[in-house]
$ cat target16.txt   # compact mmCIF, C-alpha atoms and all ligand atoms
# COMPACT_ATOMS: atom_id res chain seq x y z
CA MET N 82 0.00 0.00 0.00
CA LEU N 83 1.16 3.56 -0.75
CA ALA N 84 0.38 6.49 1.51
CA ARG N 85 1.01 10.16 0.70
CA PRO N 86 0.18 13.23 2.76
CA GLY N 87 -3.27 14.42 1.72
CA LEU N 88 -3.99 11.33 -0.32
CA PRO N 89 -5.91 8.30 0.94
CA ARG N 90 -4.17 4.91 0.87
CA PHE N 91 -4.40 2.93 -2.37
CA ASP N 92 -2.75 0.05 -4.20
CA TYR N 93 -0.72 0.96 -7.30
CA VAL N 94 -0.70 -1.44 -10.26
CA ARG N 95 1.50 -0.81 -13.28
CA ALA N 96 -0.45 -2.61 -16.02
CA GLY N 97 1.60 -4.86 -18.31
CA THR N 98 -1.06 -5.69 -20.89
CA ALA N 99 -4.37 -4.28 -22.10
CA GLU N 100 -6.06 -7.58 -21.14
CA GLU N 101 -4.88 -7.16 -17.56
CA VAL N 102 -6.52 -3.71 -17.42
CA VAL N 103 -9.82 -5.09 -18.72
CA ARG N 104 -9.69 -7.97 -16.22
CA LEU N 105 -9.05 -5.58 -13.32
CA LEU N 106 -11.94 -3.35 -14.44
CA GLN N 107 -14.24 -6.37 -14.66
CA GLU N 108 -13.18 -7.88 -11.34
CA ARG N 109 -12.80 -4.76 -9.19
CA GLY N 110 -15.31 -2.38 -10.86
CA GLU N 111 -15.69 0.95 -9.05
CA ALA N 112 -12.73 0.18 -6.77
CA VAL N 113 -10.40 0.71 -9.74
CA ARG N 114 -9.36 4.04 -11.23
CA LEU N 115 -7.20 4.40 -14.31
CA PHE N 116 -4.19 6.68 -14.14
CA MET N 117 -2.04 8.44 -16.76
CA GLY N 118 -0.74 11.88 -15.74
CA GLY N 119 -2.77 11.97 -12.51
CA THR N 120 -3.37 15.75 -12.73
CA ASP N 121 -7.13 15.26 -12.51
CA LEU N 122 -7.20 11.93 -10.68
CA PHE N 123 -5.02 12.79 -7.69
CA VAL N 124 -6.68 16.18 -7.19
CA ARG N 125 -10.07 14.45 -6.92
CA MET N 126 -8.64 11.79 -4.60
CA ARG N 127 -6.98 14.42 -2.40
CA ASP N 128 -10.24 16.37 -2.22
CA GLY N 129 -12.13 13.22 -1.17
CA VAL N 130 -14.37 13.21 -4.24
CA ILE N 131 -13.34 9.66 -5.18
CA HIS N 132 -11.82 6.86 -3.08
CA PRO N 133 -10.32 4.17 -5.34
CA GLN N 134 -8.69 1.16 -3.71
CA VAL N 135 -6.58 0.44 -6.79
CA VAL N 136 -4.94 2.94 -9.13
CA VAL N 137 -4.01 1.28 -12.43
CA ASP N 138 -1.25 3.00 -14.38
CA VAL N 139 -1.95 2.40 -18.07
CA LYS N 140 0.55 4.79 -19.66
CA HIS N 141 3.34 2.20 -20.09
CA LEU N 142 1.27 -0.12 -22.29
CA PRO N 143 2.49 -0.47 -25.90
CA GLY N 144 1.38 2.41 -28.14
CA MET N 145 0.02 4.59 -25.32
CA ARG N 146 2.82 7.17 -25.70
CA GLU N 147 3.23 6.99 -29.47
CA VAL N 148 2.28 9.46 -32.21
CA VAL N 149 1.83 7.96 -35.69
CA TYR N 150 1.05 10.03 -38.79
CA ASP N 151 0.19 8.60 -42.18
CA GLU N 152 -0.77 10.69 -45.25
CA GLN N 153 -3.69 8.37 -46.00
CA ALA N 154 -4.79 7.15 -42.57
CA GLY N 155 -4.26 10.39 -40.65
CA LEU N 156 -3.01 10.81 -37.11
CA THR N 157 -3.11 8.43 -34.15
CA VAL N 158 -2.12 9.89 -30.80
CA GLY N 159 -1.66 7.39 -27.96
CA ALA N 160 -3.90 8.27 -25.02
CA ALA N 161 -0.91 8.88 -22.71
CA VAL N 162 0.93 11.32 -25.00
CA THR N 163 1.48 14.47 -22.95
CA MET N 164 0.27 17.95 -23.84
CA ASN N 165 3.84 19.18 -24.40
CA GLN N 166 4.48 16.27 -26.78
CA VAL N 167 1.27 17.06 -28.69
CA ALA N 168 2.18 20.76 -28.84
CA ARG N 169 5.67 20.04 -30.22
CA HIS N 170 5.40 16.91 -32.34
CA PRO N 171 6.53 17.87 -35.90
CA ASP N 172 3.70 15.96 -37.64
CA ILE N 173 1.07 17.49 -35.36
CA VAL N 174 2.51 21.00 -35.75
CA ALA N 175 2.70 20.57 -39.54
CA HIS N 176 -0.68 18.92 -40.22
CA TYR N 177 -2.84 19.56 -37.11
CA PRO N 178 -1.66 22.96 -35.77
CA LEU N 179 -5.09 23.54 -34.21
CA LEU N 180 -4.56 20.53 -31.93
CA ALA N 181 -1.03 21.66 -31.08
CA GLU N 182 -2.31 25.15 -30.22
CA ALA N 183 -5.06 23.71 -27.98
CA ALA N 184 -2.64 21.40 -26.14
CA ASN N 185 -0.24 24.30 -25.62
CA SER N 186 -3.01 26.34 -23.95
CA VAL N 187 -3.37 23.86 -21.05
CA ALA N 188 -2.14 25.21 -17.71
CA SER N 189 1.65 25.61 -17.35
CA TYR N 190 4.69 23.98 -18.97
CA GLN N 191 5.24 21.80 -15.88
CA LEU N 192 1.66 20.56 -15.86
CA ARG N 193 1.75 19.89 -19.60
CA ASN N 194 4.66 17.51 -18.99
CA ARG N 195 2.29 15.29 -16.96
CA ALA N 196 -1.18 16.00 -18.37
CA THR N 197 -2.13 13.73 -21.26
CA LEU N 198 -4.43 14.15 -24.25
CA GLY N 199 -6.40 11.01 -23.31
CA GLY N 200 -6.73 12.08 -19.67
CA ASN N 201 -8.08 15.47 -20.74
CA LEU N 202 -10.81 13.85 -22.85
CA CYS N 203 -11.57 10.98 -20.40
CA ASN N 204 -12.02 13.44 -17.55
CA ALA N 205 -14.89 14.87 -19.64
CA SER N 206 -14.78 18.34 -18.12
CA PRO N 207 -16.86 20.84 -20.11
CA ALA N 208 -13.70 23.00 -19.94
CA ALA N 209 -11.28 20.42 -21.44
CA ASP N 210 -9.06 22.48 -23.73
CA THR N 211 -8.36 19.75 -26.28
CA ALA N 212 -12.06 18.92 -26.69
CA PRO N 213 -13.08 21.81 -29.00
CA ALA N 214 -10.14 21.13 -31.34
CA THR N 215 -10.85 17.37 -31.30
CA LEU N 216 -14.51 18.12 -32.14
CA ALA N 217 -13.56 20.51 -34.95
CA LEU N 218 -11.05 17.99 -36.38
CA GLU N 219 -13.67 15.21 -36.08
CA GLY N 220 -11.44 13.02 -33.93
CA ARG N 221 -12.42 9.53 -32.82
CA ILE N 222 -11.81 7.99 -29.41
CA VAL N 223 -10.29 4.49 -29.53
CA LEU N 224 -11.49 2.28 -26.68
CA TYR N 225 -10.16 -1.15 -25.74
CA GLY N 226 -12.48 -3.66 -24.05
CA PRO N 227 -13.30 -7.37 -23.81
CA ASN N 228 -14.04 -7.53 -27.57
CA GLY N 229 -10.93 -5.63 -28.64
CA GLU N 230 -10.93 -2.08 -30.04
CA ARG N 231 -13.85 0.13 -31.01
CA GLU N 232 -13.99 3.76 -32.08
CA VAL N 233 -16.43 6.43 -30.96
CA PRO N 234 -16.70 9.84 -32.70
CA VAL N 235 -15.71 12.44 -30.11
CA GLY N 236 -19.09 14.15 -30.53
CA GLU N 237 -20.74 11.00 -29.11
CA PHE N 238 -18.13 10.44 -26.40
CA PHE N 239 -19.12 13.21 -23.97
CA LEU N 240 -22.39 12.46 -22.19
CA GLY N 241 -22.26 14.98 -19.33
CA PRO N 242 -19.78 16.51 -16.87
CA GLY N 243 -17.40 13.64 -16.01
CA LYS N 244 -19.50 11.16 -18.02
CA THR N 245 -18.44 9.47 -21.26
CA ALA N 246 -19.54 6.66 -23.58
CA ARG N 247 -16.75 4.46 -22.14
CA GLN N 248 -18.15 1.18 -20.79
CA PRO N 249 -17.03 0.19 -17.26
CA ASP N 250 -14.74 -2.55 -18.64
CA GLU N 251 -13.13 -0.40 -21.35
CA PHE N 252 -10.30 2.10 -21.37
CA VAL N 253 -9.10 4.69 -23.87
CA VAL N 254 -5.97 3.74 -25.80
CA ALA N 255 -5.73 6.47 -28.46
CA VAL N 256 -7.36 9.35 -30.29
CA ARG N 257 -7.49 9.24 -34.11
CA TYR N 258 -7.77 12.27 -36.36
CA PRO N 259 -8.62 12.02 -40.08
CA VAL N 260 -6.39 13.70 -42.67
CA PRO N 261 -7.43 17.39 -42.68
CA PRO N 262 -9.08 18.68 -45.88
CA ALA N 263 -6.69 20.43 -48.31
CA GLY N 264 -6.12 24.10 -47.56
CA ALA N 265 -7.55 23.93 -44.03
CA ALA N 266 -6.74 26.47 -41.30
CA GLY N 267 -7.64 26.59 -37.60
CA ARG N 268 -7.39 28.66 -34.41
CA TYR N 269 -8.04 27.90 -30.74
CA LEU N 270 -8.91 30.94 -28.64
CA LYS N 271 -9.03 30.50 -24.88
CA LEU N 272 -10.18 33.06 -22.37
CA GLY N 273 -9.06 32.35 -18.80
CA ARG N 274 -8.88 34.45 -15.65
CA ASN N 275 -5.12 34.69 -16.13
CA LYS N 276 -2.65 33.93 -18.92
CA VAL N 277 -1.50 30.51 -17.64
CA GLY N 278 -2.59 27.80 -15.27
CA ASP N 279 -6.33 28.24 -15.28
CA LEU N 280 -9.29 26.46 -16.81
CA SER N 281 -11.06 28.39 -19.53
CA ILE N 282 -13.98 30.75 -19.03
CA VAL N 283 -14.68 30.07 -22.69
CA GLY N 284 -12.72 28.07 -25.30
CA VAL N 285 -13.46 28.32 -29.03
CA ALA N 286 -11.86 26.25 -31.81
CA VAL N 287 -12.51 27.40 -35.38
CA PHE N 288 -11.51 25.18 -38.30
CA GLY N 289 -12.23 26.11 -41.94
CA PHE N 290 -11.47 24.76 -45.39
CA PRO N 291 -12.49 25.28 -49.05
CA ASP N 292 -15.30 22.94 -50.11
CA GLY N 293 -16.87 23.12 -53.58
CA THR N 294 -19.99 21.26 -52.37
CA ALA N 295 -20.91 24.07 -49.92
CA PRO N 296 -22.96 26.98 -51.39
CA SER N 297 -20.49 29.45 -49.80
CA GLY N 298 -17.49 27.51 -51.17
CA TYR N 299 -16.21 26.90 -47.62
CA ARG N 300 -17.03 24.82 -44.57
CA PHE N 301 -16.24 25.74 -41.01
CA ARG N 302 -16.39 23.62 -37.88
CA ILE N 303 -16.65 25.32 -34.50
CA GLY N 304 -16.00 23.57 -31.16
CA LEU N 305 -16.91 25.24 -27.85
CA ALA N 306 -15.73 24.55 -24.28
CA SER N 307 -16.96 25.77 -20.87
CA VAL N 308 -20.34 26.87 -22.18
CA ALA N 309 -22.55 23.77 -21.75
CA PRO N 310 -22.58 20.48 -19.76
CA VAL N 311 -20.38 18.99 -22.50
CA PRO N 312 -17.98 20.44 -25.09
CA LEU N 313 -20.02 20.87 -28.27
CA ARG N 314 -20.10 21.83 -31.95
CA ALA N 315 -21.88 25.08 -32.86
CA ARG N 316 -23.89 23.47 -35.66
CA ALA N 317 -26.24 26.40 -36.39
CA ALA N 318 -23.25 28.71 -36.81
CA GLU N 319 -21.57 26.15 -39.11
CA GLU N 320 -24.75 26.02 -41.21
CA VAL N 321 -24.71 29.79 -41.73
CA LEU N 322 -21.05 29.65 -42.80
CA ALA N 323 -21.68 26.87 -45.33
CA ASN N 324 -24.54 28.78 -46.96
CA GLU N 325 -23.79 32.52 -46.81
CA PRO N 326 -20.95 34.26 -48.67
CA PRO N 327 -17.88 34.56 -46.42
CA GLY N 328 -17.28 38.05 -45.02
CA GLU N 329 -17.86 40.25 -41.99
CA ALA N 330 -21.69 40.13 -42.06
CA THR N 331 -21.76 36.32 -42.29
CA PHE N 332 -19.11 35.95 -39.59
CA ALA N 333 -21.06 38.27 -37.27
CA LEU N 334 -24.26 36.28 -37.86
CA ALA N 335 -22.45 32.96 -37.26
CA ALA N 336 -20.93 34.32 -34.04
CA GLU N 337 -24.42 35.33 -32.89
CA LYS N 338 -25.69 31.80 -33.65
CA ALA N 339 -22.80 30.25 -31.70
CA MET N 340 -23.72 32.45 -28.74
CA GLU N 341 -27.34 31.26 -28.96
CA GLU N 342 -26.18 27.62 -29.00
CA ALA N 343 -24.19 28.07 -25.78
CA SER N 344 -25.98 27.34 -22.49
CA PRO N 345 -23.40 28.25 -19.83
CA ILE N 346 -23.81 28.51 -16.07
CA ASP N 347 -22.67 31.10 -13.53
CA ASP N 348 -19.66 29.84 -11.56
CA VAL N 349 -16.54 31.07 -9.77
CA ARG N 350 -14.86 31.84 -13.09
CA ALA N 351 -17.57 33.92 -14.79
CA SER N 352 -21.26 34.62 -15.12
CA ALA N 353 -23.37 32.89 -17.77
CA ALA N 354 -24.11 36.24 -19.42
CA TYR N 355 -20.40 37.10 -19.71
CA ARG N 356 -19.62 33.65 -21.10
CA LYS N 357 -22.30 34.04 -23.77
CA ALA N 358 -20.93 37.41 -24.83
CA MET N 359 -17.42 35.92 -24.96
CA VAL N 360 -18.58 33.02 -27.18
CA ARG N 361 -19.77 35.61 -29.68
CA ALA N 362 -16.58 37.67 -29.42
CA LEU N 363 -14.15 34.73 -29.64
CA THR N 364 -16.07 33.00 -32.43
CA LEU N 365 -15.97 36.20 -34.47
CA ARG N 366 -12.27 36.67 -33.76
CA GLY N 367 -11.56 33.01 -34.62
CA LEU N 368 -13.47 33.24 -37.90
CA GLN N 369 -11.61 36.41 -38.88
CA ALA N 370 -8.24 34.80 -38.10
CA VAL N 371 -9.03 31.60 -40.00
CA TRP N 372 -10.47 33.54 -42.94
CA GLU N 373 -7.29 35.61 -43.17
CA ARG N 374 -5.36 32.37 -43.75
CA LEU N 375 -7.95 30.80 -46.07
CA ALA N 376 -8.39 33.83 -48.29
C1 LIG M 401 -3.26 23.17 -11.74
C2 LIG M 401 -4.07 22.54 -12.83
C3 LIG M 401 -4.35 23.28 -13.97
C4 LIG M 401 -5.11 22.72 -15.00
N1 LIG M 401 -5.35 23.47 -16.12
C5 LIG M 401 -6.04 22.92 -17.15
C6 LIG M 401 -6.28 23.70 -18.33
O1 LIG M 401 -5.83 24.83 -18.49
N2 LIG M 401 -7.00 23.10 -19.31
C7 LIG M 401 -7.51 21.82 -19.21
O2 LIG M 401 -8.17 21.37 -20.14
N3 LIG M 401 -7.28 21.08 -18.10
C8 LIG M 401 -6.56 21.59 -17.07
N4 LIG M 401 -6.34 20.85 -15.95
C9 LIG M 401 -6.90 19.49 -15.85
C10 LIG M 401 -5.92 18.35 -16.24
O3 LIG M 401 -4.57 18.72 -16.11
C11 LIG M 401 -6.16 17.85 -17.67
O4 LIG M 401 -7.50 17.46 -17.84
C12 LIG M 401 -5.23 16.69 -18.06
O5 LIG M 401 -5.12 16.60 -19.45
C13 LIG M 401 -5.65 15.33 -17.52
O6 LIG M 401 -4.74 14.35 -17.99
P1 LIG M 401 -4.03 13.32 -17.00
O7 LIG M 401 -3.18 12.46 -17.83
O8 LIG M 401 -3.38 14.02 -15.87
O9 LIG M 401 -5.31 12.51 -16.50
P2 LIG M 401 -5.50 11.61 -15.21
O10 LIG M 401 -5.64 12.49 -14.01
O11 LIG M 401 -4.49 10.52 -15.15
O12 LIG M 401 -6.93 10.97 -15.56
C14 LIG M 401 -8.07 11.80 -15.78
C15 LIG M 401 -9.36 10.95 -15.68
O13 LIG M 401 -9.40 10.00 -16.73
C16 LIG M 401 -9.40 8.66 -16.22
N5 LIG M 401 -8.48 7.91 -17.08
C17 LIG M 401 -7.12 8.00 -17.09
N6 LIG M 401 -6.62 7.24 -18.06
C18 LIG M 401 -7.68 6.67 -18.69
C19 LIG M 401 -7.81 5.79 -19.82
N7 LIG M 401 -6.74 5.37 -20.52
N8 LIG M 401 -9.05 5.41 -20.22
C20 LIG M 401 -10.14 5.87 -19.56
N9 LIG M 401 -10.09 6.68 -18.48
C21 LIG M 401 -8.86 7.09 -18.06
C22 LIG M 401 -8.91 8.77 -14.78
O14 LIG M 401 -9.38 7.72 -13.96
C23 LIG M 401 -9.47 10.13 -14.39
O15 LIG M 401 -10.84 10.03 -14.05
C24 LIG M 401 -5.60 21.39 -14.89
C25 LIG M 401 -5.30 20.63 -13.72
C26 LIG M 401 -4.56 21.21 -12.72
C27 LIG M 401 -4.24 20.37 -11.49
$ encode --input "target16.txt" --output "structure tokens"
Amino acid sequence: MLARPGLPRFDYVRAGTAEEVVRLLQERGEAVRLFMGGTDLFVRMRDGVIHPQVVVDVKHLPGMREVVYDEQAGLTVGAAVTMNQVARHPDIVAHYPLLAEAANSVASYQLRNRATLGGNLCNASPAADTAPATLALEGRIVLYGPNGEREVPVGEFFLGPGKTARQPDEFVVAVRYPVPPAGAAGRYLKLGRNKVGDLSIVGVAVFGFPDGTAPSGYRFRIGLASVAPVPLRARAAEEVLANEPPGEATFALAAEKAMEEASPIDDVRASAAYRKAMVRALTLRGLQAVWERLA
């Protein structure tokens, strides 16, 4: 047994195989908690929110800390790849700069050395900084369970604060991103109470690309964080952008729609009314920045 000041006692298991993780989840159920960077897990344990008997470290399993890019298949990021690795990996910076920018916005450099991409998404906080970019890039969560691997589109993964589509005997092994459309550009804009080390008041990812099948000639995808029980796509805003000619009037209308789609709450970070206004402001700013690169 391990004991640390402020933390309850727990058993630590360093998993050797994916099958071992599934077996532990099946046999010990709620008593087990999975662990990668621990920056969410140990805070919740210290605060007495959760009391696992066994903490299973899954980050040393094969593939969990690997980044693989293929021009046809796209990008696979192992669940335990850290935020600093995501922010700096040459293939991610070259082909998925929106994801790199989002990862780089998380907390501080020190925290980003521990915090993982998979942990950020599994924690399912409405404020998860990599969620809007993963939504805008149409990422897929790769889960491993008793029947092997399955993939869930990220838009179906978040079910509520702290709740995901992961079954009790599954764990997340990777996140896959399709090859981005030709000529795409993206921006992640995060508003926090300070420049580093804080969760967002509002996070907006804007991703746009030329598309001859859209009446406007372009498609945009917009992901929002901290403005609803789950991170979400601003679909009504995206619809406007696909149908109306690109330009200031269309961007202003789309930003208004994104604001209407947000349903934030008042909390210690900001009021709901302020958050709504910031969704409109950051969406507009994101669209202008992306359009500058597209045009
Ligand atoms: C000071 C501080 C500042 C922070 N700032 C930010 C911020 O700016 N932006 C932001 O988005 N977040 C922030 N966070 C939250 C946190 O750092 C991130 O969510 C981080 O990415 C979590 O990753 P992790 O590897 O540490 O996850 P862990 O703590 O290891 O795990 C997170 C959750 O996922 C579960 N889990 C772990 N591995 C798996 C798996 N393979 N499959 C299924 N479930 C699993 C765990 O049981 C736990 O419930 C901050 C946290 C702290 C302490």
$ closest_residue --input "target16.txt" --among "N:Leu192, N:Ala354, N:Ala246, N:Val235" --to "Val277 in chain N" --atoms "all atoms listed in the file"
N:Leu192
$ residues_near_point --input "target16.txt" --point "(-15.1, 27.8, -39.5)" --cutoff "8 Å" --atoms "all atoms listed in the file" --output "CSV table (one decimal) with C-alpha atoms, keeping the file's coordinate frame"
chain,number,residue,atom,x,y,z
N,267,GLY,CA,-7.6,26.6,-37.6
N,287,VAL,CA,-12.5,27.4,-35.4
N,288,PHE,CA,-11.5,25.2,-38.3
N,289,GLY,CA,-12.2,26.1,-41.9
N,290,PHE,CA,-11.5,24.8,-45.4
N,300,ARG,CA,-17.0,24.8,-44.6
N,301,PHE,CA,-16.2,25.7,-41.0
N,302,ARG,CA,-16.4,23.6,-37.9
N,303,ILE,CA,-16.6,25.3,-34.5
N,319,GLU,CA,-21.6,26.2,-39.1
N,322,LEU,CA,-21.0,29.6,-42.8
N,367,GLY,CA,-11.6,33.0,-34.6
N,368,LEU,CA,-13.5,33.2,-37.9
N,371,VAL,CA,-9.0,31.6,-40.0
$ closest_residue --input "target16.txt" --among "N:Leu105, N:Ala212, N:Val139, N:Leu280" --to "Val187 in chain N" --atoms "all atoms listed in the file"
N:Leu280
$ atom_distance --input "target16.txt" --atom1 "CA of Thr331 in chain N" --atom2 "CA of Tyr299 in chain N"
12.2 Å
$ closest_residue --input "target16.txt" --among "N:Ala351, N:Val148, N:Val135, N:Ile346" --to "ligand LIG 401 (chain M)" --atoms "all atoms listed in the file"
N:Val135
$ residues_near_ligand --input "target16.txt" --ligand "ligand LIG 401 (chain M)" --cutoff "6 Å" --atoms "all atoms listed in the file" --output "count of residues only"
28
$ closest_residue --input "target16.txt" --among "N:Ala161, N:Ala217, N:Val308, N:Val137" --to "Asp348 in chain N" --atoms "all atoms listed in the file"
N:Val308
$ closest_residue --input "target16.txt" --among "N:Ala266, N:Val136, N:Met340, N:Ala255" --to "Val233 in chain N" --atoms "only C-alpha atoms"
N:Ala255
$ atom_distance --input "target16.txt" --atom1 "CA of Ala315 in chain N" --atom2 "CA of Arg274 in chain N"
23.5 Å
$ atom_distance --input "target16.txt" --atom1 "CA of Gly159 in chain N" --atom2 "CA of Val102 in chain N"
16.1 Å
$ closest_residue --input "target16.txt" --among "N:Glu341, N:Ala333, N:Phe239, N:Pro291" --to "Ala317 in chain N" --atoms "only C-alpha atoms"
N:Glu341
$ residues_around --input "target16.txt" --residues "range 89-95 of chain N" --least-positions-apart "6" --cutoff "9 Å" --atoms "all atoms listed in the file" --output "list in words"
Met82, Leu83, Met126, Arg127, Gly129, His132, Pro133, Gln134, Val135, Val136, Val137, Asp138, Val139, Lys140 and His141 of chain N
$ residues_around --input "target16.txt" --residues "Tyr258 in chain N" --least-positions-apart "4" --cutoff "7 Å" --atoms "all atoms listed in the file" --output "list of chain:residue names"
N:Gly155, N:Leu156, N:Thr157, N:Leu218, N:Glu219, N:Gly220, N:Arg221
$ axis_aligned_box --input "target16.txt" --around "range 145-164 of chain N" --padding-each-side "6 Å" --output "lines of an AutoDock Vina configuration file"
center_x = -0.8
center_y = 11.3
center_z = -34.4
size_x = 20.0
size_y = 25.4
size_z = 35.3
$ build_atoms --input "target16.txt" --residues "range 173-181 of chain N" --atoms "all heavy atoms" --output "compact mmCIF listing (two decimals), in the frame of the given file"
# COMPACT_ATOMS: atom_id res chain seq x y z
N ILE N 173 2.28 16.82 -35.87
CA ILE N 173 1.07 17.49 -35.36
C ILE N 173 1.16 18.99 -35.67
O ILE N 173 0.20 19.60 -36.15
CB ILE N 173 0.88 17.23 -33.85
CG1 ILE N 173 0.74 15.72 -33.60
CG2 ILE N 173 -0.34 17.99 -33.32
CD1 ILE N 173 0.52 15.30 -32.17
N VAL N 174 2.33 19.56 -35.45
CA VAL N 174 2.51 21.00 -35.75
C VAL N 174 2.30 21.26 -37.25
O VAL N 174 1.66 22.24 -37.64
CB VAL N 174 3.91 21.46 -35.29
CG1 VAL N 174 4.20 22.88 -35.76
CG2 VAL N 174 4.02 21.38 -33.76
N ALA N 175 2.79 20.35 -38.09
CA ALA N 175 2.70 20.57 -39.54
C ALA N 175 1.27 20.35 -40.07
O ALA N 175 0.80 21.13 -40.91
CB ALA N 175 3.67 19.64 -40.27
N HIS N 176 0.60 19.30 -39.60
CA HIS N 176 -0.68 18.92 -40.22
C HIS N 176 -1.90 19.19 -39.34
O HIS N 176 -3.03 19.23 -39.85
CB HIS N 176 -0.65 17.43 -40.58
CG HIS N 176 0.51 17.05 -41.46
ND1 HIS N 176 0.59 17.46 -42.77
CD2 HIS N 176 1.65 16.37 -41.20
CE1 HIS N 176 1.72 17.01 -43.30
NE2 HIS N 176 2.39 16.35 -42.36
N TYR N 177 -1.71 19.34 -38.03
CA TYR N 177 -2.84 19.56 -37.11
C TYR N 177 -2.49 20.70 -36.13
O TYR N 177 -2.56 20.53 -34.91
CB TYR N 177 -3.15 18.27 -36.32
CG TYR N 177 -3.45 17.08 -37.20
CD1 TYR N 177 -2.42 16.31 -37.75
CD2 TYR N 177 -4.77 16.73 -37.51
CE1 TYR N 177 -2.69 15.23 -38.58
CE2 TYR N 177 -5.05 15.65 -38.34
CZ TYR N 177 -4.00 14.91 -38.88
OH TYR N 177 -4.28 13.84 -39.70
N PRO N 178 -2.10 21.88 -36.67
CA PRO N 178 -1.66 22.96 -35.77
C PRO N 178 -2.74 23.39 -34.78
O PRO N 178 -2.43 23.86 -33.69
CB PRO N 178 -1.29 24.09 -36.73
CG PRO N 178 -1.93 23.75 -38.04
CD PRO N 178 -2.04 22.27 -38.10
N LEU N 179 -4.01 23.18 -35.15
CA LEU N 179 -5.09 23.54 -34.21
C LEU N 179 -4.99 22.70 -32.93
O LEU N 179 -5.16 23.21 -31.82
CB LEU N 179 -6.45 23.31 -34.91
CG LEU N 179 -7.70 23.47 -34.05
CD1 LEU N 179 -7.80 24.88 -33.49
CD2 LEU N 179 -8.96 23.14 -34.86
N LEU N 180 -4.69 21.41 -33.10
CA LEU N 180 -4.56 20.53 -31.93
C LEU N 180 -3.34 20.92 -31.10
O LEU N 180 -3.40 20.95 -29.86
CB LEU N 180 -4.45 19.07 -32.40
CG LEU N 180 -4.34 18.03 -31.29
CD1 LEU N 180 -5.58 18.03 -30.41
CD2 LEU N 180 -4.11 16.63 -31.89
N ALA N 181 -2.25 21.25 -31.79
CA ALA N 181 -1.03 21.66 -31.08
C ALA N 181 -1.30 22.94 -30.27
O ALA N 181 -0.89 23.07 -29.12
CB ALA N 181 0.11 21.89 -32.08
